[in-house]
$ cat coords09.pdb   # PDB, C-alpha atoms
ATOM      1  CA  MET A   1      48.674   0.212 -42.418
ATOM      2  CA  THR A   2      45.388   1.709 -41.186
ATOM      3  CA  ILE A   3      46.347   5.307 -41.911
ATOM      4  CA  THR A   4      47.640   4.310 -45.350
ATOM      5  CA  THR A   5      44.322   2.635 -46.117
ATOM      6  CA  LEU A   6      42.375   5.729 -45.089
ATOM      7  CA  LEU A   7      44.606   7.933 -47.270
ATOM      8  CA  ILE A   8      44.068   5.611 -50.229
ATOM      9  CA  VAL A   9      40.297   5.793 -49.747
ATOM     10  CA  LEU A  10      40.449   9.603 -49.633
ATOM     11  CA  LEU A  11      42.636   9.664 -52.739
ATOM     12  CA  LEU A  12      40.102   7.514 -54.578
ATOM     13  CA  ALA A  13      37.355   9.867 -53.414
ATOM     14  CA  TRP A  14      39.298  12.827 -54.810
ATOM     15  CA  LEU A  15      39.838  11.059 -58.139
ATOM     16  CA  LEU A  16      36.157  10.188 -58.394
ATOM     17  CA  ALA A  17      35.240  13.800 -57.702
ATOM     18  CA  TRP A  18      37.743  14.931 -60.345
ATOM     19  CA  PHE A  19      36.001  12.714 -62.908
ATOM     20  CA  GLY A  20      32.577  13.949 -61.915
ATOM     21  CA  ARG A  21      31.522  10.932 -59.838
ATOM     22  CA  ARG A  22      30.534  13.065 -56.886
ATOM     23  CA  ARG A  23      28.030  10.612 -55.408
ATOM     24  CA  TRP A  24      30.646   7.836 -55.267
ATOM     25  CA  SER A  25      33.203  10.315 -54.008
ATOM     26  CA  GLY A  26      30.925  11.423 -51.184
ATOM     27  CA  THR A  27      30.244   7.817 -50.227
ATOM     28  CA  LEU A  28      33.953   7.090 -49.923
ATOM     29  CA  VAL A  29      34.487  10.198 -47.798
ATOM     30  CA  VAL A  30      31.726   9.083 -45.432
ATOM     31  CA  ILE A  31      33.277   5.590 -45.251
ATOM     32  CA  ALA A  32      36.717   7.046 -44.521
ATOM     33  CA  LEU A  33      35.294   9.294 -41.787
ATOM     34  CA  ALA A  34      33.390   6.398 -40.224
ATOM     35  CA  LEU A  35      36.498   4.215 -40.211
ATOM     36  CA  PHE A  36      38.553   7.026 -38.721
ATOM     37  CA  LEU A  37      36.082   7.426 -35.850
ATOM     38  CA  LEU A  38      35.624   3.673 -35.278
ATOM     39  CA  VAL A  39      39.365   3.063 -35.205
ATOM     40  CA  GLY A  40      40.460   6.252 -33.464
ATOM     41  CA  GLY A  41      37.724   5.933 -30.848
ATOM     42  CA  GLY A  42      38.821   2.360 -30.131
ATOM     43  CA  LEU A  43      35.620   0.475 -30.944
ATOM     44  CA  LEU A  44      36.973  -1.489 -33.911
ATOM     45  CA  PRO A  45      40.479  -2.267 -32.565
ATOM     46  CA  HIS A  46      38.937  -3.214 -29.203
ATOM     47  CA  TRP A  47      36.697  -5.807 -30.864
ATOM     48  CA  LEU A  48      39.350  -7.167 -33.215
ATOM     49  CA  ILE A  49      42.130  -7.494 -30.644
ATOM     50  CA  ASP A  50      39.747  -9.011 -28.106
ATOM     51  CA  GLN A  51      38.863 -11.796 -30.553
ATOM     52  CA  LEU A  52      42.565 -12.666 -30.745
ATOM     53  CA  GLN A  53      43.601 -12.607 -27.093
ATOM     54  CA  ALA A  54      40.530 -13.035 -24.885
ATOM     55  CA  ASP A  55      40.932 -16.839 -24.667
ATOM     56  CA  TYR A  56      44.399 -16.350 -23.184
ATOM     57  CA  ALA A  57      43.635 -13.575 -20.696
ATOM     58  CA  THR A  58      44.139 -15.862 -17.700
ATOM     59  CA  ARG A  59      47.575 -17.413 -17.354
ATOM     60  CA  PRO A  60      47.479 -21.153 -16.586
ATOM     61  CA  VAL A  61      48.638 -22.392 -13.209
ATOM     62  CA  PRO A  62      51.869 -24.281 -13.978
ATOM     63  CA  ILE A  63      51.652 -28.024 -13.404
ATOM     64  CA  TRP A  64      55.157 -29.205 -14.158
ATOM     65  CA  ALA A  65      55.909 -32.517 -15.812
ATOM     66  CA  PRO A  66      59.140 -34.486 -15.307
ATOM     67  CA  ARG A  67      60.498 -32.970 -18.557
ATOM     68  CA  ASN A  68      59.404 -29.510 -19.737
ATOM     69  CA  ALA A  69      60.193 -27.326 -22.746
ATOM     70  CA  ILE A  70      59.435 -23.608 -22.565
ATOM     71  CA  VAL A  71      59.300 -22.158 -26.084
ATOM     72  CA  LEU A  72      59.850 -18.408 -26.332
ATOM     73  CA  LEU A  73      58.771 -16.756 -29.583
ATOM     74  CA  THR A  74      60.890 -13.683 -30.229
ATOM     75  CA  GLY A  75      59.425 -10.415 -31.448
ATOM     76  CA  ALA A  76      61.849  -7.856 -32.841
ATOM     77  CA  GLN A  77      65.138  -6.232 -31.986
ATOM     78  CA  VAL A  78      66.655  -2.762 -32.239
ATOM     79  CA  GLN A  79      70.170  -1.444 -32.630
ATOM     80  CA  SER A  80      70.501   0.965 -29.736
ATOM     81  CA  ALA A  81      74.176   1.719 -30.454
ATOM     82  CA  PRO A  82      76.866   0.512 -32.886
ATOM     83  CA  ASP A  83      77.280  -3.240 -32.370
ATOM     84  CA  VAL A  84      74.621  -3.233 -29.630
ATOM     85  CA  LEU A  85      71.410  -5.167 -30.252
ATOM     86  CA  GLU A  86      68.599  -5.566 -27.766
ATOM     87  CA  PRO A  87      64.983  -6.722 -27.784
ATOM     88  CA  SER A  88      62.389  -4.189 -28.896
ATOM     89  CA  LEU A  89      60.170  -2.516 -26.318
ATOM     90  CA  GLY A  90      57.236  -4.866 -26.783
ATOM     91  CA  SER A  91      59.368  -7.996 -26.344
ATOM     92  CA  TYR A  92      60.517  -7.645 -22.751
ATOM     93  CA  ALA A  93      57.275  -9.030 -21.355
ATOM     94  CA  ARG A  94      57.833 -12.280 -23.263
ATOM     95  CA  ILE A  95      61.368 -12.589 -21.918
ATOM     96  CA  THR A  96      60.265 -11.830 -18.351
ATOM     97  CA  GLU A  97      57.422 -14.349 -18.508
ATOM     98  CA  THR A  98      59.798 -17.005 -19.807
ATOM     99  CA  ALA A  99      62.257 -16.348 -16.987
ATOM    100  CA  VAL A 100      59.466 -16.499 -14.397
ATOM    101  CA  LEU A 101      58.258 -19.829 -15.791
ATOM    102  CA  TYR A 102      61.774 -21.230 -15.864
ATOM    103  CA  HIS A 103      62.524 -20.356 -12.242
ATOM    104  CA  ASP A 104      59.166 -21.756 -11.116
ATOM    105  CA  CYS A 105      59.955 -24.927 -13.045
ATOM    106  CA  ARG A 106      63.394 -25.255 -11.458
ATOM    107  CA  ARG A 107      61.901 -24.864  -7.993
ATOM    108  CA  ALA A 108      59.804 -27.942  -8.784
ATOM    109  CA  ARG A 109      63.105 -29.858  -9.299
ATOM    110  CA  VAL A 110      62.207 -31.125 -12.766
ATOM    111  CA  ILE A 111      63.898 -30.805 -16.168
ATOM    112  CA  CYS A 112      63.346 -27.363 -17.694
ATOM    113  CA  THR A 113      64.651 -26.452 -21.151
ATOM    114  CA  VAL A 114      64.080 -23.025 -22.698
ATOM    115  CA  LEU A 115      63.913 -23.037 -26.496
ATOM    116  CA  VAL A 116      64.253 -19.535 -27.955
ATOM    117  CA  SER A 117      63.006 -19.273 -31.535
ATOM    118  CA  GLY A 118      63.894 -16.437 -33.908
ATOM    119  CA  GLY A 119      66.264 -15.794 -36.793
ATOM    120  CA  ASP A 120      67.459 -12.517 -38.267
ATOM    121  CA  PRO A 121      64.662 -11.335 -40.608
ATOM    122  CA  ASP A 122      65.812  -7.692 -40.467
ATOM    123  CA  GLN A 123      69.418  -8.570 -41.340
ATOM    124  CA  PHE A 124      71.126  -7.114 -38.272
ATOM    125  CA  GLY A 125      73.770  -9.819 -38.397
ATOM    126  CA  THR A 126      72.742 -11.492 -35.127
ATOM    127  CA  PRO A 127      69.716 -13.776 -34.729
ATOM    128  CA  LEU A 128      66.941 -12.789 -32.379
ATOM    129  CA  ALA A 129      67.309 -16.080 -30.517
ATOM    130  CA  LEU A 130      70.846 -15.199 -29.454
ATOM    131  CA  VAL A 131      69.946 -11.666 -28.319
ATOM    132  CA  TYR A 132      66.954 -12.884 -26.309
ATOM    133  CA  GLY A 133      68.874 -15.896 -24.988
ATOM    134  CA  ASN A 134      71.652 -13.678 -23.646
ATOM    135  CA  LEU A 135      69.122 -11.560 -21.773
ATOM    136  CA  LEU A 136      67.493 -14.665 -20.315
ATOM    137  CA  GLN A 137      70.852 -15.719 -18.923
ATOM    138  CA  ARG A 138      71.211 -12.295 -17.294
ATOM    139  CA  LEU A 139      67.856 -13.025 -15.641
ATOM    140  CA  GLY A 140      69.237 -16.189 -14.113
ATOM    141  CA  VAL A 141      68.378 -18.818 -16.709
ATOM    142  CA  ASP A 142      71.173 -21.397 -16.802
ATOM    143  CA  ALA A 143      72.993 -21.363 -20.153
ATOM    144  CA  ALA A 144      72.960 -25.172 -20.131
ATOM    145  CA  ASP A 145      69.138 -25.052 -20.145
ATOM    146  CA  VAL A 146      68.873 -22.735 -23.181
ATOM    147  CA  GLN A 147      68.615 -23.932 -26.773
ATOM    148  CA  LEU A 148      68.429 -21.593 -29.764
ATOM    149  CA  GLU A 149      66.494 -21.914 -33.006
ATOM    150  CA  SER A 150      68.004 -19.159 -35.130
ATOM    151  CA  ALA A 151      66.767 -19.846 -38.677
ATOM    152  CA  SER A 152      63.089 -18.807 -38.567
ATOM    153  CA  ALA A 153      61.925 -15.543 -40.113
ATOM    154  CA  ASN A 154      58.230 -15.651 -39.129
ATOM    155  CA  THR A 155      55.729 -17.428 -36.907
ATOM    156  CA  TRP A 156      55.120 -20.265 -39.380
ATOM    157  CA  GLU A 157      58.842 -21.006 -39.411
ATOM    158  CA  ASN A 158      58.995 -20.729 -35.607
ATOM    159  CA  ALA A 159      56.677 -23.735 -35.511
ATOM    160  CA  LYS A 160      58.330 -25.520 -38.421
ATOM    161  CA  PHE A 161      61.902 -25.260 -37.170
ATOM    162  CA  THR A 162      61.209 -25.915 -33.484
ATOM    163  CA  GLN A 163      59.263 -29.078 -34.254
ATOM    164  CA  PRO A 164      62.299 -31.335 -34.863
ATOM    165  CA  MET A 165      64.136 -29.772 -31.913
ATOM    166  CA  LEU A 166      61.204 -30.490 -29.616
ATOM    167  CA  HIS A 167      60.989 -34.010 -30.998
ATOM    168  CA  ALA A 168      64.625 -34.545 -30.029
ATOM    169  CA  MET A 169      64.058 -33.113 -26.532
ATOM    170  CA  ALA A 170      61.015 -35.372 -26.003
ATOM    171  CA  PRO A 171      59.419 -33.154 -23.329
ATOM    172  CA  VAL A 172      56.342 -34.381 -21.512
ATOM    173  CA  ARG A 173      54.863 -30.883 -21.539
ATOM    174  CA  ILE A 174      55.504 -27.873 -23.785
ATOM    175  CA  TRP A 175      54.844 -24.272 -22.748
ATOM    176  CA  LEU A 176      54.505 -21.605 -25.437
ATOM    177  CA  VAL A 177      55.244 -17.997 -24.492
ATOM    178  CA  THR A 178      54.323 -15.026 -26.674
ATOM    179  CA  SER A 179      52.157 -11.909 -26.584
ATOM    180  CA  GLY A 180      48.433 -12.289 -25.983
ATOM    181  CA  TYR A 181      47.484 -10.833 -29.359
ATOM    182  CA  HIS A 182      49.933 -13.194 -31.118
ATOM    183  CA  MET A 183      48.957 -16.367 -29.284
ATOM    184  CA  HIS A 184      46.003 -17.377 -31.488
ATOM    185  CA  ARG A 185      48.098 -17.410 -34.651
ATOM    186  CA  ALA A 186      51.047 -19.031 -32.897
ATOM    187  CA  MET A 187      48.899 -21.833 -31.466
ATOM    188  CA  THR A 188      47.271 -22.363 -34.869
ATOM    189  CA  TYR A 189      50.650 -22.816 -36.537
ATOM    190  CA  PHE A 190      52.172 -25.003 -33.831
ATOM    191  CA  GLU A 191      49.159 -27.289 -33.853
ATOM    192  CA  ARG A 192      49.525 -27.582 -37.625
ATOM    193  CA  PHE A 193      52.958 -29.116 -36.974
ATOM    194  CA  GLY A 194      51.599 -31.575 -34.428
ATOM    195  CA  ILE A 195      52.688 -29.547 -31.397
ATOM    196  CA  THR A 196      50.121 -29.041 -28.629
ATOM    197  CA  PRO A 197      51.647 -26.607 -26.138
ATOM    198  CA  VAL A 198      50.207 -24.921 -23.084
ATOM    199  CA  ALA A 199      49.627 -21.270 -24.012
ATOM    200  CA  VAL A 200      51.167 -18.730 -21.625
ATOM    201  CA  ARG A 201      50.602 -15.199 -22.779
ATOM    202  CA  ALA A 202      53.019 -12.495 -21.740
ATOM    203  CA  ASP A 203      51.605  -9.017 -22.388
ATOM    204  CA  TYR A 204      47.932  -8.196 -22.923
ATOM    205  CA  ILE A 205      46.573  -5.214 -24.846
ATOM    206  CA  GLN A 206      43.687  -3.253 -23.364
ATOM    207  CA  VAL A 207      41.776  -0.804 -25.539
ATOM    208  CA  LEU A 208      39.420   1.635 -23.813
ATOM    209  CA  PRO A 209      36.894   3.080 -26.290
ATOM    210  CA  SER A 210      36.349   6.814 -26.035
ATOM    211  CA  TRP A 211      34.685   9.613 -27.955
ATOM    212  CA  ARG A 212      38.045  11.205 -28.773
ATOM    213  CA  PRO A 213      40.317   9.599 -31.395
ATOM    214  CA  ASP A 214      43.593   8.313 -29.944
ATOM    215  CA  ALA A 215      46.729   7.579 -31.996
ATOM    216  CA  ARG A 216      47.403   4.454 -29.912
ATOM    217  CA  ASN A 217      44.223   2.880 -31.235
ATOM    218  CA  PHE A 218      45.554   3.072 -34.781
ATOM    219  CA  HIS A 219      48.666   1.205 -33.638
ATOM    220  CA  VAL A 220      46.546  -1.522 -32.043
ATOM    221  CA  MET A 221      44.481  -1.712 -35.214
ATOM    222  CA  ASP A 222      47.645  -2.328 -37.229
ATOM    223  CA  ILE A 223      48.676  -5.103 -34.826
ATOM    224  CA  ALA A 224      45.292  -6.797 -35.157
ATOM    225  CA  LEU A 225      45.266  -6.518 -38.945
ATOM    226  CA  HIS A 226      48.741  -8.045 -39.134
ATOM    227  CA  GLU A 227      47.522 -11.084 -37.183
ATOM    228  CA  TYR A 228      44.343 -11.546 -39.220
ATOM    229  CA  LEU A 229      46.178 -11.127 -42.523
ATOM    230  CA  GLY A 230      48.665 -13.785 -41.415
ATOM    231  CA  LEU A 231      45.822 -16.229 -40.719
ATOM    232  CA  ILE A 232      44.138 -15.404 -44.026
ATOM    233  CA  ARG A 233      47.415 -15.849 -45.919
ATOM    234  CA  THR A 234      47.824 -19.321 -44.411
ATOM    235  CA  ARG A 235      44.391 -20.341 -45.663
ATOM    236  CA  VAL A 236      45.112 -18.939 -49.098
ATOM    237  CA  TYR A 237      48.427 -20.806 -49.238
ATOM    238  CA  ASP A 238      46.615 -23.989 -48.192
ATOM    239  CA  ALA A 239      44.076 -23.548 -50.977
ATOM    240  CA  MET A 240      46.841 -22.907 -53.536
ATOM    241  CA  GLY A 241      48.906 -25.850 -52.297
ATOM    242  CA  TRP A 242      51.836 -23.605 -51.386
ATOM    243  CA  ASN A 243      52.183 -24.728 -47.773
ATOM    244  CA  GLU A 244      54.441 -27.739 -47.370
ATOM    245  CA  ARG A 245      52.999 -31.047 -46.295
ATOM    246  CA  ILE A 246      53.051 -31.312 -42.538
ATOM    247  CA  THR A 247      54.056 -34.409 -40.653
ATOM    248  CA  ARG A 248      51.862 -34.656 -37.582
ATOM    249  CA  SER A 249      54.218 -36.202 -35.070
ATOM    250  CA  ASP A 250      53.696 -34.948 -31.533
ATOM    251  CA  PRO A 251      57.161 -34.134 -30.168
ATOM    252  CA  ARG A 252      56.070 -35.250 -26.746
TER     253      ARG A 252
END
$ encode --input "coords09.pdb" --output "structure tokens"
Amino acid sequence: MTITTLLIVLLLAWLLAWFGRRRWSGTLVVIALALFLLVGGGLLPHWLIDQLQADYATRPVPIWAPRNAIVLLTGAQVQSAPDVLEPSLGSYARITETAVLYHDCRRARVICTVLVSGGDPDQFGTPLALVYGNLLQRLGVDAADVQLESASANTWENAKFTQPMLHAMAPVRIWLVTSGYHMHRAMTYFERFGITPVAVRADYIQVLPSWRPDARNFHVMDIALHEYLGLIRTRVYDAMGWNERITRSDPR
């Protein structure tokens, strides 16, 4: 996304130069160079990603209720071999954190249900919830304690489709597990559906600004932009009346 934007800006600069608008062309080149240095050097992605995840840097100390629901938001999956699907590289931290929470919860001798949310947006033929749920069981999570929400295609639908399931479970406390950078948007959406979970971030992105451009910083920039565009889209949909009416019934 970021590289594409820079290429578009340079293309516009070339077109302006072609039509004799050299001053405008030069301005766009300077802007493109500045963006390249700010992003590649880490200053801009560091600031943007920090705004998303800083509030969730510290994991909460679990205080278990008599009935708990641990909601795992899936990320993506890859086909590593014919008929073999597994979570993508960036998703294992979420699965591990969920398993750690579950085992800590069980040691407290209270009710612990893991709700895995994720459909099949990439059309692999198997929902994310099932792939992630199978791995959780390999990590010692009891199959009887796992429920799957396998219809959602995005974070908004994660919240929408888990809401009635959580209402049926009637947990006293809900724990939401996802990546640090994704938590702000996830919490925003879940709260829109009347769900007030405890945020437990899994992975955390650290960007170290430097004088030398680094390709990893462009990747982080794309992650941050994806999150901000998702939040902006929600506000636009609200303004246009495209988001469905939300029933605010706390599932607890």
$ closest_residue --input "coords09.pdb" --among "A:Leu72, A:Val78, A:Met165, A:Ala65" --to "Ala108 in chain A" --atoms "all atoms listed in the file"
A:Ala65
$ residues_around --input "coords09.pdb" --residues "Leu136 in chain A" --least-positions-apart "4" --cutoff "12 Å" --atoms "only C-alpha atoms" --output "MDAnalysis selection string"
chainID A and resid 72 74 86:87 92:103 114:116 129:132 140:148
$ write_last_selection --input "coords09.pdb" --atoms "C-alpha atoms" --output "CSV table (one decimal), in the coordinates of the input"
chain,number,residue,atom,x,y,z
A,72,LEU,CA,59.8,-18.4,-26.3
A,74,THR,CA,60.9,-13.7,-30.2
A,86,GLU,CA,68.6,-5.6,-27.8
A,87,PRO,CA,65.0,-6.7,-27.8
A,92,TYR,CA,60.5,-7.6,-22.8
A,93,ALA,CA,57.3,-9.0,-21.4
A,94,ARG,CA,57.8,-12.3,-23.3
A,95,ILE,CA,61.4,-12.6,-21.9
A,96,THR,CA,60.3,-11.8,-18.4
A,97,GLU,CA,57.4,-14.3,-18.5
A,98,THR,CA,59.8,-17.0,-19.8
A,99,ALA,CA,62.3,-16.3,-17.0
A,100,VAL,CA,59.5,-16.5,-14.4
A,101,LEU,CA,58.3,-19.8,-15.8
A,102,TYR,CA,61.8,-21.2,-15.9
A,103,HIS,CA,62.5,-20.4,-12.2
A,114,VAL,CA,64.1,-23.0,-22.7
A,115,LEU,CA,63.9,-23.0,-26.5
A,116,VAL,CA,64.3,-19.5,-28.0
A,129,ALA,CA,67.3,-16.1,-30.5
A,130,LEU,CA,70.8,-15.2,-29.5
A,131,VAL,CA,69.9,-11.7,-28.3
A,132,TYR,CA,67.0,-12.9,-26.3
A,140,GLY,CA,69.2,-16.2,-14.1
A,141,VAL,CA,68.4,-18.8,-16.7
A,142,ASP,CA,71.2,-21.4,-16.8
A,143,ALA,CA,73.0,-21.4,-20.2
A,144,ALA,CA,73.0,-25.2,-20.1
A,145,ASP,CA,69.1,-25.1,-20.1
A,146,VAL,CA,68.9,-22.7,-23.2
A,147,GLN,CA,68.6,-23.9,-26.8
A,148,LEU,CA,68.4,-21.6,-29.8
$ atom_distance --input "coords09.pdb" --atom1 "CA of Leu52 in chain A" --atom2 "CA of Thr196 in chain A"
18.2 Å
$ resolve_selection --input "coords09.pdb" --expression "the PyMOL selection byres ((chain A and resi 56-64) around 10)" --output "PyMOL selection string"
chain A and resi 50+52-55+65-68+101+104-106+108-112+172-175+179-181+183-184+198-205
$ closest_atom_pairs --input "coords09.pdb" --of "range 41-79 of chain A" --to "range 225-233 of chain A" --cutoff "12 Å" --atoms "all atoms listed in the file" --output "CSV"
residue,atom,partner,partner_atom,distance
A:Leu44,CA,A:Leu225,CA,10.9
A:Pro45,CA,A:Leu225,CA,9.0
A:Trp47,CA,A:Leu225,CA,11.8
A:Leu48,CA,A:Leu225,CA,8.3
A:Ile49,CA,A:Leu225,CA,8.9
A:Gln51,CA,A:Tyr228,CA,10.3
A:Leu52,CA,A:Glu227,CA,8.3
A:Gln53,CA,A:Glu227,CA,10.9
$ resolve_selection --input "coords09.pdb" --expression "the PyMOL selection byres ((chain A and resi 216) around 12)" --output "list in words"
Thr2, Val39, Gly40, Gly41, Gly42, Pro45, His46, Ile205, Gln206, Val207, Leu208, Pro209, Ser210, Arg212, Pro213, Asp214, Ala215, Asn217, Phe218, His219, Val220, Met221, Asp222 and Ile223 of chain A
$ atom_distance --input "coords09.pdb" --atom1 "CA of Val71 in chain A" --atom2 "CA of Pro171 in chain A"
11.3 Å
$ atom_distance --input "coords09.pdb" --atom1 "CA of Phe36 in chain A" --atom2 "CA of Leu6 in chain A"
7.5 Å
$ closest_residue --input "coords09.pdb" --among "A:Ala153, A:Arg21, A:Gln137, A:Asn158" --to "Ala186 in chain A" --atoms "only C-alpha atoms"
A:Asn158
$ closest_residue --input "coords09.pdb" --among "A:Leu12, A:Ala76, A:Met240, A:Leu33" --to "Asp120 in chain A" --atoms "all atoms listed in the file"
A:Ala76
$ closest_residue --input "coords09.pdb" --among "A:Asn243, A:Thr162, A:Ser91, A:Ser152" --to "His182 in chain A" --atoms "all atoms listed in the file"
A:Ser91
$ resolve_selection --input "coords09.pdb" --expression "the PyMOL selection byres ((chain A and resi 122) around 12)" --output "PDB file with C-alpha atoms, in the coordinates of the input"
ATOM      1  CA  GLY A  75      59.425 -10.415 -31.448  1.00  0.00           C
ATOM      2  CA  ALA A  76      61.849  -7.856 -32.841  1.00  0.00           C
ATOM      3  CA  GLN A  77      65.138  -6.232 -31.986  1.00  0.00           C
ATOM      4  CA  VAL A  78      66.655  -2.762 -32.239  1.00  0.00           C
ATOM      5  CA  GLN A  79      70.170  -1.444 -32.630  1.00  0.00           C
ATOM      6  CA  LEU A  85      71.410  -5.167 -30.252  1.00  0.00           C
ATOM      7  CA  GLY A 118      63.894 -16.437 -33.908  1.00  0.00           C
ATOM      8  CA  GLY A 119      66.264 -15.794 -36.793  1.00  0.00           C
ATOM      9  CA  ASP A 120      67.459 -12.517 -38.267  1.00  0.00           C
ATOM     10  CA  PRO A 121      64.662 -11.335 -40.608  1.00  0.00           C
ATOM     11  CA  GLN A 123      69.418  -8.570 -41.340  1.00  0.00           C
ATOM     12  CA  PHE A 124      71.126  -7.114 -38.272  1.00  0.00           C
ATOM     13  CA  GLY A 125      73.770  -9.819 -38.397  1.00  0.00           C
ATOM     14  CA  THR A 126      72.742 -11.492 -35.127  1.00  0.00           C
ATOM     15  CA  PRO A 127      69.716 -13.776 -34.729  1.00  0.00           C
ATOM     16  CA  LEU A 128      66.941 -12.789 -32.379  1.00  0.00           C
ATOM     17  CA  SER A 152      63.089 -18.807 -38.567  1.00  0.00           C
ATOM     18  CA  ALA A 153      61.925 -15.543 -40.113  1.00  0.00           C
ATOM     19  CA  ASN A 154      58.230 -15.651 -39.129  1.00  0.00           C
TER      20      ASN A 154
END
$ axis_aligned_box --input "coords09.pdb" --around "range 157-176 of chain A" --padding-each-side "8 Å" --output "AutoDock Vina command-line options"
--center_x 59.6 --center_y -28.1 --center_z -30.5 --size_x 26.1 --size_y 30.6 --size_z 33.9
$ closest_residue --input "coords09.pdb" --among "A:Leu89, A:Ala168, A:Leu73, A:Val84" --to "Met187 in chain A" --atoms "all atoms listed in the file"
A:Leu73
$ residues_around --input "coords09.pdb" --residues "Gln163 in chain A" --least-positions-apart "4" --cutoff "8 Å" --atoms "all atoms listed in the file" --output "count of residues only"
5
$ decode --input "coords09.pdb" --residues "range 87-101 of chain A" --atoms "N, CA, C and O atoms" --output "mmCIF file, in the first residue's frame"
data_model
loop_
_atom_site.group_PDB
_atom_site.id
_atom_site.type_symbol
_atom_site.label_atom_id
_atom_site.label_comp_id
_atom_site.auth_asym_id
_atom_site.auth_seq_id
_atom_site.Cartn_x
_atom_site.Cartn_y
_atom_site.Cartn_z
ATOM 1 N N PRO A 87 -2.296 -21.619 10.539
ATOM 2 C CA PRO A 87 -2.304 -20.171 10.774
ATOM 3 C C PRO A 87 -1.092 -19.499 10.139
ATOM 4 O O PRO A 87 -0.017 -20.103 10.024
ATOM 5 N N SER A 88 -1.255 -18.256 9.720
ATOM 6 C CA SER A 88 -0.142 -17.499 9.169
ATOM 7 C C SER A 88 0.855 -17.161 10.269
ATOM 8 O O SER A 88 0.554 -17.269 11.469
ATOM 9 N N LEU A 89 2.043 -16.740 9.846
ATOM 10 C CA LEU A 89 3.135 -16.507 10.794
ATOM 11 C C LEU A 89 2.745 -15.554 11.918
ATOM 12 O O LEU A 89 3.034 -15.799 13.080
ATOM 13 N N GLY A 90 2.063 -14.475 11.589
ATOM 14 C CA GLY A 90 1.744 -13.481 12.600
ATOM 15 C C GLY A 90 0.620 -13.863 13.538
ATOM 16 O O GLY A 90 0.280 -13.095 14.446
ATOM 17 N N SER A 91 0.032 -15.055 13.361
ATOM 18 C CA SER A 91 -1.133 -15.439 14.159
ATOM 19 C C SER A 91 -0.797 -16.347 15.339
ATOM 20 O O SER A 91 -1.630 -16.545 16.223
ATOM 21 N N TYR A 92 0.388 -16.905 15.355
ATOM 22 C CA TYR A 92 0.718 -17.866 16.403
ATOM 23 C C TYR A 92 0.761 -17.230 17.789
ATOM 24 O O TYR A 92 0.457 -17.897 18.792
ATOM 25 N N ALA A 93 1.132 -15.966 17.860
ATOM 26 C CA ALA A 93 1.158 -15.308 19.167
ATOM 27 C C ALA A 93 -0.241 -15.228 19.762
ATOM 28 O O ALA A 93 -0.422 -15.383 20.979
ATOM 29 N N ARG A 94 -1.240 -14.990 18.929
ATOM 30 C CA ARG A 94 -2.624 -14.924 19.424
ATOM 31 C C ARG A 94 -3.060 -16.281 19.967
ATOM 32 O O ARG A 94 -3.708 -16.370 21.009
ATOM 33 N N ILE A 95 -2.719 -17.328 19.240
ATOM 34 C CA ILE A 95 -3.098 -18.680 19.664
ATOM 35 C C ILE A 95 -2.401 -19.038 20.966
ATOM 36 O O ILE A 95 -3.013 -19.581 21.898
ATOM 37 N N THR A 96 -1.106 -18.734 21.057
ATOM 38 C CA THR A 96 -0.343 -19.038 22.271
ATOM 39 C C THR A 96 -0.902 -18.286 23.472
ATOM 40 O O THR A 96 -1.073 -18.854 24.560
ATOM 41 N N GLU A 97 -1.196 -17.002 23.279
ATOM 42 C CA GLU A 97 -1.736 -16.203 24.386
ATOM 43 C C GLU A 97 -3.077 -16.745 24.847
ATOM 44 O O GLU A 97 -3.365 -16.788 26.055
ATOM 45 N N THR A 98 -3.898 -17.184 23.915
ATOM 46 C CA THR A 98 -5.191 -17.762 24.269
ATOM 47 C C THR A 98 -5.019 -19.040 25.084
ATOM 48 O O THR A 98 -5.710 -19.252 26.086
ATOM 49 N N ALA A 99 -4.092 -19.885 24.655
ATOM 50 C CA ALA A 99 -3.834 -21.131 25.381
ATOM 51 C C ALA A 99 -3.307 -20.853 26.790
ATOM 52 O O ALA A 99 -3.705 -21.518 27.757
ATOM 53 N N VAL A 100 -2.428 -19.876 26.910
ATOM 54 C CA VAL A 100 -1.887 -19.508 28.227
ATOM 55 C C VAL A 100 -3.009 -19.027 29.141
ATOM 56 O O VAL A 100 -3.094 -19.425 30.321
ATOM 57 N N LEU A 101 -3.878 -18.162 28.620
ATOM 58 C CA LEU A 101 -5.007 -17.677 29.410
ATOM 59 C C LEU A 101 -5.911 -18.819 29.841
ATOM 60 O O LEU A 101 -6.360 -18.889 30.993
#
